[in-house]
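Down below is the structure, laid out as structure tokens.
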Amino acid sequence: MEIEIRKLDGNEMEFVLSGANPAFANSIRRAALRDVPIMAIDEVEFKVNDSAMYDEIIAHRLAMIPLTTPAKGYQLPSECGCREGRCEKCSVDLELKAEGPGMVYSESLKPSDDEVRPVSGSIPIVKLENGQRLELVAIARLGFGKDHAKWQPGIVAYKYMPVLEFDPKLCNACGDCVKACPKGILEVVEKRVRVKDLTQCTMCKACVESCSSEAVRVSGDPSKFIFRVESTGTLPPDQIILRAIESLREKFEEFPKLVKKL
Ligand SMILES: [Zn+2]
């Protein structure tokens, strides 16, 4: 098995996984979306809410604001000795005090730990009219994407590596497929069709349909996958994948122990 990182830039990553199979690739994707713990607002204590929005709507909006997750340090509420998810080892308070008129943005959330802060300060929460006040304490905790989308660290998707074949006996290098390709990844060089960047192929088969001599074949390689990871900003994208693999490893270590108990 091999991994080739093609892009790692800010919140985005792209890599090619070779020598694997669809079940393995999908287990990485699912673990990344479901089993990587990140911080999100889980409970809100309202002190004043003069806004037009119900407490529940504001609480829901707060929950969907991505927060940065520190590399180490916080415990899952279910594993913390406090048993309530309310101590400094398993929760972070973010205080908000605002008065209208004006829009309240995520930058108004002031965390008790600066390592757990909104990824962006410009996410609108609620609009306050003249004299209206909003005061609350939002409590952030670690959680899993399998329990709620607010704990999903981003988007992880993959596709099979495309395979484009041009039969040299049938292809007359007419260039119809070059014009038909919406991604513009084909070219004719020395009377042969060449693929400029195979990873950009979406397997739409426009090239197959355009070819009057039926010289083109498009398929996917089920042992090679192009992964794309886009983080919400809560964790770097490579960390999402590494922690997903760590969670899989823990499950596989647990499995033989359970089997031995049978
Ligand atoms: Zn605790």
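Every chain in the structure tokens takes a letter, A first, then B, and so on in the order presented; its residues are numbered from 1, and the ligands are numbered from 1 following the presented order.
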Can you tell me which residues come within 7 Å of ligand 1 when counting only C-alpha atoms and all ligand atoms, ideally as an mmCIF file with N, CA, C and O atoms, in the first residue's frame?
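Wrote it out as part17.cif, contents follow:
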data_model
loop_
_atom_site.group_PDB
_atom_site.id
_atom_site.type_symbol
_atom_site.label_atom_id
_atom_site.label_comp_id
_atom_site.auth_asym_id
_atom_site.auth_seq_id
_atom_site.Cartn_x
_atom_site.Cartn_y
_atom_site.Cartn_z
ATOM 1 N N PRO A 77 -16.334 13.860 27.659
ATOM 2 C CA PRO A 77 -17.158 13.935 28.870
ATOM 3 C C PRO A 77 -17.477 12.549 29.442
ATOM 4 O O PRO A 77 -17.514 12.369 30.666
ATOM 5 N N CYS A 80 -14.488 11.421 31.549
ATOM 6 C CA CYS A 80 -13.941 12.341 32.548
ATOM 7 C C CYS A 80 -14.463 11.971 33.942
ATOM 8 O O CYS A 80 -15.624 11.561 34.092
ATOM 9 N N GLY A 81 -13.578 12.151 34.927
ATOM 10 C CA GLY A 81 -13.940 11.800 36.301
ATOM 11 C C GLY A 81 -15.066 12.637 36.876
ATOM 12 O O GLY A 81 -15.759 12.217 37.806
ATOM 13 N N CYS A 82 -15.288 13.843 36.317
ATOM 14 C CA CYS A 82 -16.325 14.726 36.875
ATOM 15 C C CYS A 82 -17.734 14.174 36.613
ATOM 16 O O CYS A 82 -18.680 14.535 37.292
ATOM 17 N N ARG A 83 -17.887 13.351 35.603
ATOM 18 C CA ARG A 83 -19.140 12.669 35.246
ATOM 19 C C ARG A 83 -20.233 13.620 34.757
ATOM 20 O O ARG A 83 -21.327 13.193 34.431
ATOM 21 N N GLU A 84 -19.972 14.907 34.759
ATOM 22 C CA GLU A 84 -21.016 15.848 34.344
ATOM 23 C C GLU A 84 -20.661 16.600 33.065
ATOM 24 O O GLU A 84 -21.474 17.346 32.543
ATOM 25 N N GLY A 85 -19.419 16.443 32.621
ATOM 26 C CA GLY A 85 -18.989 17.193 31.436
ATOM 27 C C GLY A 85 -18.932 18.686 31.705
ATOM 28 O O GLY A 85 -19.254 19.494 30.837
ATOM 29 N N ARG A 86 -18.526 19.009 32.917
ATOM 30 C CA ARG A 86 -18.588 20.438 33.259
ATOM 31 C C ARG A 86 -17.325 20.920 33.983
ATOM 32 O O ARG A 86 -17.348 21.970 34.623
ATOM 33 N N CYS A 87 -16.223 20.139 33.927
ATOM 34 C CA CYS A 87 -14.987 20.598 34.580
ATOM 35 C C CYS A 87 -14.005 21.099 33.516
ATOM 36 O O CYS A 87 -14.261 20.987 32.322
ATOM 37 N N GLU A 88 -12.871 21.649 33.970
ATOM 38 C CA GLU A 88 -11.932 22.262 33.017
ATOM 39 C C GLU A 88 -11.179 21.218 32.186
ATOM 40 O O GLU A 88 -10.540 21.556 31.196
ATOM 41 N N LYS A 89 -11.271 19.935 32.575
ATOM 42 C CA LYS A 89 -10.596 18.884 31.792
ATOM 43 C C LYS A 89 -11.439 18.454 30.581
ATOM 44 O O LYS A 89 -10.917 17.855 29.646
ATOM 45 N N CYS A 90 -12.749 18.694 30.639
ATOM 46 C CA CYS A 90 -13.607 18.166 29.565
ATOM 47 C C CYS A 90 -14.523 19.226 28.955
ATOM 48 O O CYS A 90 -15.340 18.892 28.093
ATOM 49 N N SER A 91 -14.415 20.485 29.394
ATOM 50 C CA SER A 91 -15.290 21.504 28.795
ATOM 51 C C SER A 91 -14.612 22.872 28.775
ATOM 52 O O SER A 91 -13.707 23.140 29.567
#
Sel. of strand (DSSP E) residues, segment 24-236 of chain A, as number ranges by chain: A: 38-49, 92-99, 102-105, 110-111, 124-128, 133-143, 154-166, 186-189, 192-195, 216-231
Can you list, as a ChimeraX atom specification, every protein, DNA or RNA residue that comes within 6 Å of segment 176-191 of chain A when you count only C-alpha atoms, leaving out same-chain residues fewer than 4 positions away? /A:195-197,206-207,210
Would you mind telling me which residue in A:Pro70, A:Pro222, A:Pro168, A:Gly10 lies nearest to Pro237 of chain A when using only C-alpha atoms?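 Ranked by minimum distance to Pro237 of chain A, first place goes to A:Gly10.
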Could you give me, as a PyMOL selection string, the residues within 10 Å of Pro118 of chain A, counting only C-alpha atoms and dropping anything in the same chain fewer than 3 positions from it? chain A and resi 40+62+65-69+94+106-111+114-115+121-123+233-234
Would you mind exporting the chosen residues as an mmCIF file, in the first residue's frame, restricted to C-alpha atoms?
data_model
loop_
_atom_site.group_PDB
_atom_site.id
_atom_site.type_symbol
_atom_site.label_atom_id
_atom_site.label_comp_id
_atom_site.auth_asym_id
_atom_site.auth_seq_id
_atom_site.Cartn_x
_atom_site.Cartn_y
_atom_site.Cartn_z
ATOM 1 C CA ALA A 40 -18.214 21.943 19.416
ATOM 2 C CA LEU A 62 -23.779 28.374 18.050
ATOM 3 C CA ILE A 65 -19.810 27.328 14.493
ATOM 4 C CA PRO A 66 -16.571 25.369 13.940
ATOM 5 C CA LEU A 67 -14.172 25.621 16.893
ATOM 6 C CA THR A 68 -10.452 24.857 16.890
ATOM 7 C CA THR A 69 -9.583 21.593 18.637
ATOM 8 C CA LEU A 94 -17.265 30.670 25.708
ATOM 9 C CA SER A 106 -18.794 34.631 16.259
ATOM 10 C CA GLU A 107 -15.860 36.899 17.189
ATOM 11 C CA SER A 108 -17.931 37.962 20.232
ATOM 12 C CA LEU A 109 -17.498 34.489 21.772
ATOM 13 C CA LYS A 110 -14.727 34.799 24.384
ATOM 14 C CA PRO A 111 -13.300 31.368 25.328
ATOM 15 C CA ASP A 114 -7.763 30.450 23.749
ATOM 16 C CA GLU A 115 -6.963 27.166 21.998
ATOM 17 C CA GLY A 121 -14.836 35.472 13.647
ATOM 18 C CA SER A 122 -17.228 36.575 10.915
ATOM 19 C CA ILE A 123 -20.012 33.982 11.259
ATOM 20 C CA GLY A 233 -10.751 24.420 10.289
ATOM 21 C CA THR A 234 -11.161 22.558 13.563
#
